[in-house]
Structure formats: C-alpha cells, structure tokens
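Student: Could you have a look at this structure, given as structure tokens, before my questions?
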Amino acid sequence: MNAFLAALAALSLAQAPSLEVDPAAAPPAAPDAPVLTLDEALARAAHANTDLRAAQARLQQAKAGIWKAWSSQLPQVTAGATWTHNSDAASIGLPVATYLRDRTGPAGSPGNPVEPTTDAFGQPLPGAPPAGSFLFSDNVDVAIQKLDQLGAQVQVTQALIAPQAWFGIQAAYRGADVATKTVEAARRDVLFGVAQLYYGVTSLKQLVKVSEELQGIAARQEKDAKVRLDAGTIAKVGYLRAQIDRARADQDLIRARNAYESAKISLASALDRDTTFEVVDPPEPTLPGGTASLEADALKARPDLQAARLNEDLGVALRRVSAARYLPSLGAFFRYQIANVTGFTGKNDAWAAGLALNWTIFDGSLREAELREGSARIAEAEANRRGLENKVTAEVRQALLDLASARANAVKAKEQAALAHENQRLVDVSYKAGAATAVEQADATAALRNAAIAATSEALQAQLAALKVLKVAGVFDPVARR
C-alpha cells in the first residue's frame with residue numbers, strides 16, 4: 001500500500017532487459033467491467049476490509065469488558081442440587097412426652113427400678129434416690145442419614161459496598177475508550193492504504209496508456225525504417241535498430257499491463273472483492289486552507305494520540321483498583337435449601353439471610369507490589385504519549401516538506417515530458433527527411449519513454465504526499481465526511 005508501485009513500474013519499463021514476447025499475450029482489457037471510483041473503494045473498505053472487521057471484533061471484546069466489570073456489582077444467583085447414596089442409613093429416637101409416677105413394688109421391679117450409684121466416669125452420684133420415676137409416654141425416630149439423600153439450594157448474593165468493583169468499572173470504561181480510539185486509528189490507516197493503492201492503480205493505468213503510445217511510435221518507426229531500407233536510403237542496421245526498439249516497446253507494454261493487473265489484485269484484496277472493475281482518475285487530494293495550524297490540529301485530532309492520552313487515564317484507573325483492595329467489602333446474601341431429610345427441625349426446607357464483611361488485612365505485600373506496578377505503568381503511558389506527540393509534530397513537518405518537494409518534482413517532470421515529446425517529434429521528422437540517424441531517433445524515443453514514466457511517477461508521488469499530509473494531520477477521514 002505504498003508508493004513503491006509506480007517506482008517499480010518505472011524501473012521495469014525503463015531498465016528491464018530485453019525479452020522475446022508476444023504483444024498478443026498481454027491481458028485483454030475489460031470494456032464491460034464496472035467502474036470503481038475512489039469514494040466507492042473507500043466506502044467498501046470501511047465495511048468489507050478484513051483487517052477492519054478484525055479491529056471491530058477487538059473493539060466489541062473491549063466493550064464486553066464493561067459488562068464483565070459490572071457483573072461483580074450486580075446480584076449473583078446460584079443454584080445447585082445433589083444426590084447422595086450412603087452406605088448406611090441412620091436415625092435417632094427422641095422422646096416427645098414424659099410423666100412422673102411414684103415407685104411401687106420391690107426394688108428392682110419395673111415400678112421401682114434400681115438407680116445407679118455412680119456416673120459414667122465412676123464417680124458416686126450425690127443425693128438420695130428419688131421417690132418417683134420419670135417415664136416416656138412416646139418417642140419418634142428422626143432420620144439423621146438416609147440411604148439416598150436429595151437436596152437443592154438457591155443462593156442470592158448482592159455486593160453492598162465494593163470499592164474495588166467500583167474502580168474496576170471505571171477502568172473498564174477507560175479500556176473501552178482506548179480500544180475505540182485504537183480501532184479508529186486502524187480504520188484511518190486502512191482507508192489511507194486503500195487510497196494509496198487506488199492512486200497507484202490509476203497511475204499504472206496511465207503508464208499502460210503511455211506504453212501503448214510508445215509502442216505505436218515504435219511500430220511506426222519500424223515501418224518507416226522498412227520503407228527506407230527498401231528504397232536503399234539507410235543501411236540494414238538502421239532497420240534492425242527500429243525492430244529492436246519496437247520489440248522493447250512491445251514487452252514494455254506487456255509489463256505495464258501486468259503491473260496494472262497486479263496492482264488491481266492488491267486493491268481487490270484490500271476491498272475483499274474480485275478484480276472485475278476499472279478505475280478512473282481520482283480527484284487531487286484537497287489540503288486544509290491553512291497548513292500553519294496542521295501541527296496543532298494533529299495534536300488534537302489524531303486518534304492514536306487520543307488513545308495514548310486515554311491510556312494514561314486507564315493506568316490511573318487500574319492503580320485505583322489496586323488501592324481499593326485496602327478497603328473492606330460488604331455484601332448481603334439469601335439462601336434457600338430443600339432436602340428429603342428433615343433433621344432436627346422436622347422440616348424439609350430452610351432459609352437463611354445475612355451480611356458478610358470481608359477485609360483483607362495482609363496479603364503478603366501483593367497490593368503494594370500492584371501499586372508499584374501501576375505507578376510504573378502510568379509512567380510508561382506518559383512517556384509513550386509524550387513521545388508520540390513529538391513524533392506527530394515531526395511527521396507533520398516532514399510531510400509538508402515532502403509535499404513541497406514532490407510537487408516541485410512533478411512540475412519539472414511534466415515539463416521534461418513535454419520537451420521530450422517535442423524533441424522526439426522533431427527528430428522523427430528529421431529522420432524521415434534523412435537529416436537524423438537511427439541512433440538519434442532511438443535516443444529521442446528512449447528519452448521520451450523515460451520522461452513520460454518519470455512524469456507519471458512524480459505525479460503519483462505528489463498525490464501520495466498530499467494524502468500523507470492529510471493522514472499525519474489527523475484530517476484524513478473521507479468516509480466520515482460524506
């Protein structure tokens with residue numbers, strides 16, 4: 001996507017070695033192919049370019065981080081169920097009623113049981129045996145463990161005071177802002193590259209026309225040389241020289257057409273489409289009215305610089321997240337359980353609600369390390385932002401210098417092409433009149449070829465230099481302006 005396309009084409013046409021090629025082997029033109037304008041190419045690239053689609057996907061990932069940060073502040077609902085098969089079932093009998101009766105009958109009988117004299121540790125029991133006895137009227141078996149146990153639980157938790165989550169949400173928003181500006185910078189880079197490609201393709205199309213004209217001149221000169229050879233006014237070496245020049249013009253034309261088709265393939269790949277299209281000469285890039293304020297405009301409008309500034313804010317927000325870990329967090333919970341074991345309550349379900357306070361007193365100096373890391377990250381972001389500001393200023397100044405040089409070169413190259421064209425015409429007339437040699441005619445044609453290629457190449461360089469000024473100044477956004 002650089003200006004090397006025209007330079008390579010110029011070198012190929014001007015310096016390539018001779019090859020035996022057939023002009024009929026050149027790719028045929030596609031007269032019925034639809035015309036693709038620069039605006040249409042940029043509009044398609046804005047939504048079809050694969051690099052841009054990948055960048056948009058990364059932006060969606062960054063925005064999803066906001067919801068991830070909010071998730072720690074929103075209610076959390078969990079549910080679970082269990083089935084357990086135990087090796088044994090267990091239950092316990094519990095009395096549900098008692099009554100007091102006097103002792104009757106001899107000692108040791110059911111109505112007058114013998115009381116123990118010592119406790120479970122062998123110590124003598126104090127006092128005298130009671131005059132009456134407590135008897136159980138009824139009891140119930142309580143299942144402590146069933147052979148197959150089923151249970152389910154639903155729990156709701158809600159953070160009430162969570163400083164770390166609050167600052168984490170702020171950091172997520174800052175991260176999404178950075179991603180937005182980064183994707184915007186990538187979008188402009190892609191559009192700039194597509195514009196460069198389009199200007200390069202149109203330049204190569206012009207080179208094809210130049211090569212066709214030169215091939216026509218060479219064919220006419222070969223025909224004139226054949227007539228003069230048959231008339232005996234020139235030696236055969238003059239005719240051979242004309243044939244060599246025509247053969248070279250043939251292969252230059254094929255090479256120019258192939259370079260044009262190759263550039264169209266690159267443009268079609270950037271647009272994610274086929275190559276069945278033709279290009280038209282795009283308008284000259286329009287610079288802002290005053291170039292003196294471009295540096296200040298670039299420092300404000302460049303999305304990559306905006307992303308660098310936001311990255312500083314992100315570093316500050318992340319450091320606050322680390323600092324918030326020194327503070328306690330408070331949350332509320334509600335839990336509901338149901339099981340096929342009643343337990344001591346005699347109910348199959350139960351619920352509980354409460355508050356939970358969590359405060360990390362010491363974590364092995366992890367928070368201190370994170371704070372130092374956060375401070376270093378802020379310093380790095382500040383240095384990167386400052387360095388990018390210097391780079392942006394230098395890029396604008398250099399782009400303006402390059403534009404001035406490119407425009408001056410384009411003017412001179414155009415003048416040289418006009419002079420070379422007139423020189424070739426005069427030498428051609430002189431050759432027909434016998435006042436110029438075949439060598440002079442060949443030299444004039446070669447000079448015309450080189451001058452025409454240079455004029456086309458320098459015109460492209462001037463257009464690309466103007467695009468570069470718009471890009472580095474942060475004002476190249478053709479799709480957004482429409």
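Identifiers in this document derive from the order of the structure tokens: chains are assigned A, B, ..., residues are numbered from 1 separately in each chain, and ligands are numbered from 1 in order of occurrence.
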Do you know which residues are at most 12 Å from A:Ala54 counting only C-alpha atoms, after dropping those on the same chain fewer than 4 positions away, and could you put them as an NGL selection string?
Tutor: :A and (47-50 or 58-61 or 183 or 186-187 or 190)
Student: Going by DSSP on the backbone, which bits of stretch 279-434 of chain A are alpha helix (DSSP H)? Write them as JSON, numbers by chain, please.
Tutor: {"A": [294, 295, 296, 297, 298, 299, 300, 301, 303, 304, 305, 306, 307, 308, 309, 310, 311, 312, 313, 314, 315, 316, 317, 318, 319, 320, 321, 322, 323, 324, 366, 367, 368, 369, 370, 371, 372, 373, 374, 375, 376, 377, 378, 379, 380, 381, 382, 383, 384, 385, 386, 387, 388, 389, 390, 391, 392, 393, 394, 395, 396, 397, 398, 399, 400, 401, 402, 403, 404, 405, 406, 407, 408, 409, 410, 411, 412, 413, 414, 415, 416, 417, 418, 419, 420, 421, 422, 423, 424, 425, 426, 427, 428, 429, 430, 431, 432]}
Student: List as a ChimeraX atom specification the protein and nucleic acid residues near A:Ala152, meaning an atom at most 8 Å away when only C-alpha atoms are counted, but skip any in the same chain fewer than 3 places from it.
Tutor: /A:79-82,337-339
Student: May I have the selected residues written with C-alpha atoms, as a PDB file, in the first residue's frame?
Tutor:
ATOM      1  CA  ALA A  79     -28.478 -22.878  42.275  1.00  0.00           C
ATOM      2  CA  GLY A  80     -27.379 -26.434  42.878  1.00  0.00           C
ATOM      3  CA  ALA A  81     -28.744 -29.912  43.532  1.00  0.00           C
ATOM      4  CA  THR A  82     -27.176 -33.091  44.922  1.00  0.00           C
ATOM      5  CA  GLN A 337     -32.447 -25.096  50.923  1.00  0.00           C
ATOM      6  CA  ILE A 338     -34.699 -28.120  50.485  1.00  0.00           C
ATOM      7  CA  ALA A 339     -33.890 -31.796  51.140  1.00  0.00           C
TER       8      ALA A 339
END
Student: With 7 Å as the cut-off and only C-alpha atoms counted, what is the closest atom pair between each nearby residue of stretch 429-464 of chain A and stretch 204-211 of chain A? Distances in Å to one decimal, ordered by chain and number, as a Markdown table.
Tutor:
| residue | atom | partner | partner_atom | distance |
| --- | --- | --- | --- | --- |
| A:Ala452 | CA | A:Val210 | CA | 6.9 |
| A:Ile453 | CA | A:Leu207 | CA | 6.7 |
| A:Thr456 | CA | A:Leu207 | CA | 6.9 |
Student: If we count only C-alpha atoms and set the cut-off at 8 Å, which residues sit around stretch 411-425 of chain A, ignoring sequence neighbours fewer than 4 positions away in its own chain? Please answer as a PyMOL selection string.
Tutor: chain A and resi 407+429+441+444-445+447-448+451-452+454-455+458
Student: Which residue gives the smallest distance to A:Val156 among A:Asp349, A:Phe334, A:Asn358, A:Asn450, with only C-alpha atoms counted?
Tutor: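 Among A:Asp349, A:Phe334, A:Asn358, A:Asn450, it is A:Phe334 that comes nearest to A:Val156.
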Student: Name the residues in contact with stretch 84-91 of chain A at a cut-off of 7 Å, using only C-alpha atoms, excluding same-chain residues fewer than 2 positions from it; report them as a PyMOL selection string.
Tutor: chain A and resi 82+93+141-150
Student: With only C-alpha atoms as the counted atoms, please give the residues lying no more than 9 Å from A:Leu403, apart from itself and same-chain residues fewer than 4 positions off, as a PyMOL selection string.
Tutor: chain A and resi 398-399+407-408+461-466+468-469
Student: Would you mind listing what lies within 10 Å of A:Ser375 as a ChimeraX atom specification, with only C-alpha atoms counted and same-chain residues fewer than 5 positions away left out?
Tutor: /A:315-316,318-319,369-370,380-381
Student: Filtering to N, CA and C atoms, could you give me those residues as a compact mmCIF listing (two decimals), in the first residue's frame?
Tutor:
# COMPACT_ATOMS: atom_id res chain seq x y z
N GLY A 315 -4.29 3.80 33.06
CA GLY A 315 -3.29 3.42 34.06
C GLY A 315 -3.65 3.95 35.44
N VAL A 316 -4.16 5.18 35.49
CA VAL A 316 -4.58 5.75 36.78
C VAL A 316 -5.76 4.96 37.35
N LEU A 318 -6.54 1.81 36.80
CA LEU A 318 -6.09 0.49 37.26
C LEU A 318 -5.34 0.59 38.60
N ARG A 319 -4.62 1.67 38.79
CA ARG A 319 -3.93 1.84 40.07
C ARG A 319 -4.95 2.06 41.19
N ALA A 369 2.90 -4.34 45.78
CA ALA A 369 3.56 -4.63 44.50
C ALA A 369 2.70 -4.16 43.33
N GLU A 370 1.38 -4.36 43.43
CA GLU A 370 0.49 -3.92 42.36
C GLU A 370 0.46 -2.40 42.24
N GLU A 380 5.05 4.80 32.11
CA GLU A 380 5.27 4.31 30.75
C GLU A 380 4.27 4.95 29.78
N ALA A 381 3.01 5.00 30.17
CA ALA A 381 1.99 5.60 29.30
C ALA A 381 2.26 7.08 29.08
Student: Between atom CA of A:Arg302 and atom CA of A:Val475, what is the distance, to one decimal in Å?
Tutor: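 Atom CA of A:Arg302 sits 7.9 Å away from atom CA of A:Val475.
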Student: Quick one, how far is atom CA of A:Pro328 from atom CA of A:Trp359?
Tutor: 4.3 Å
Student: For each of A:Trp67, A:Gln215, A:Leu357, A:Ala231, take the minimum atom-to-atom distance to A:Ile254, counting only C-alpha atoms, then give the residue where this is smallest.
Tutor: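 Using only C-alpha atoms, the shortest distance to A:Ile254 belongs to A:Gln215.
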Student: Which distance in Å separates atom CA of A:Ala259 and atom CA of A:Ala43, to one decimal?
Tutor: 24.8 Å
Student: Between A:Ser72, A:Ser109, A:Gly474, A:Val77, single out the one closest to A:Pro288, counting only C-alpha atoms.
Tutor: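 Ranking A:Ser72, A:Ser109, A:Gly474, A:Val77 by distance to A:Pro288, first place goes to A:Gly474.
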Student: Could you give me, as CSV, a per-residue list for stretch 219-281 of chain A showing, wherever an atom lies at most 12 Å from an atom of stretch 33-39 of chain A, the closest pair of atoms and their distance in Å to one decimal, using only C-alpha atoms and sorting by chain then residue number from low to high?
Tutor:
residue,atom,partner,partner_atom,distance
A:Lys264,CA,A:Leu36,CA,11.0
A:Leu267,CA,A:Leu36,CA,10.8
A:Ala268,CA,A:Leu36,CA,10.6
A:Leu271,CA,A:Leu36,CA,11.1
A:Arg273,CA,A:Leu36,CA,11.5
A:Asp274,CA,A:Ala33,CA,11.1
A:Thr275,CA,A:Ala33,CA,9.1
A:Thr276,CA,A:Ala33,CA,5.6
A:Phe277,CA,A:Ala33,CA,4.9
A:Glu278,CA,A:Val35,CA,4.8
A:Val279,CA,A:Leu36,CA,5.2
A:Val280,CA,A:Thr37,CA,6.2
A:Asp281,CA,A:Thr37,CA,8.2
Student: Pick from A:Gly151, A:Pro163, A:Gly65, A:Pro124: nearest to A:Leu327, with only C-alpha atoms counted?
Tutor: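 Of A:Gly151, A:Pro163, A:Gly65, A:Pro124, the one nearest A:Leu327, counting only C-alpha atoms, is A:Pro163.
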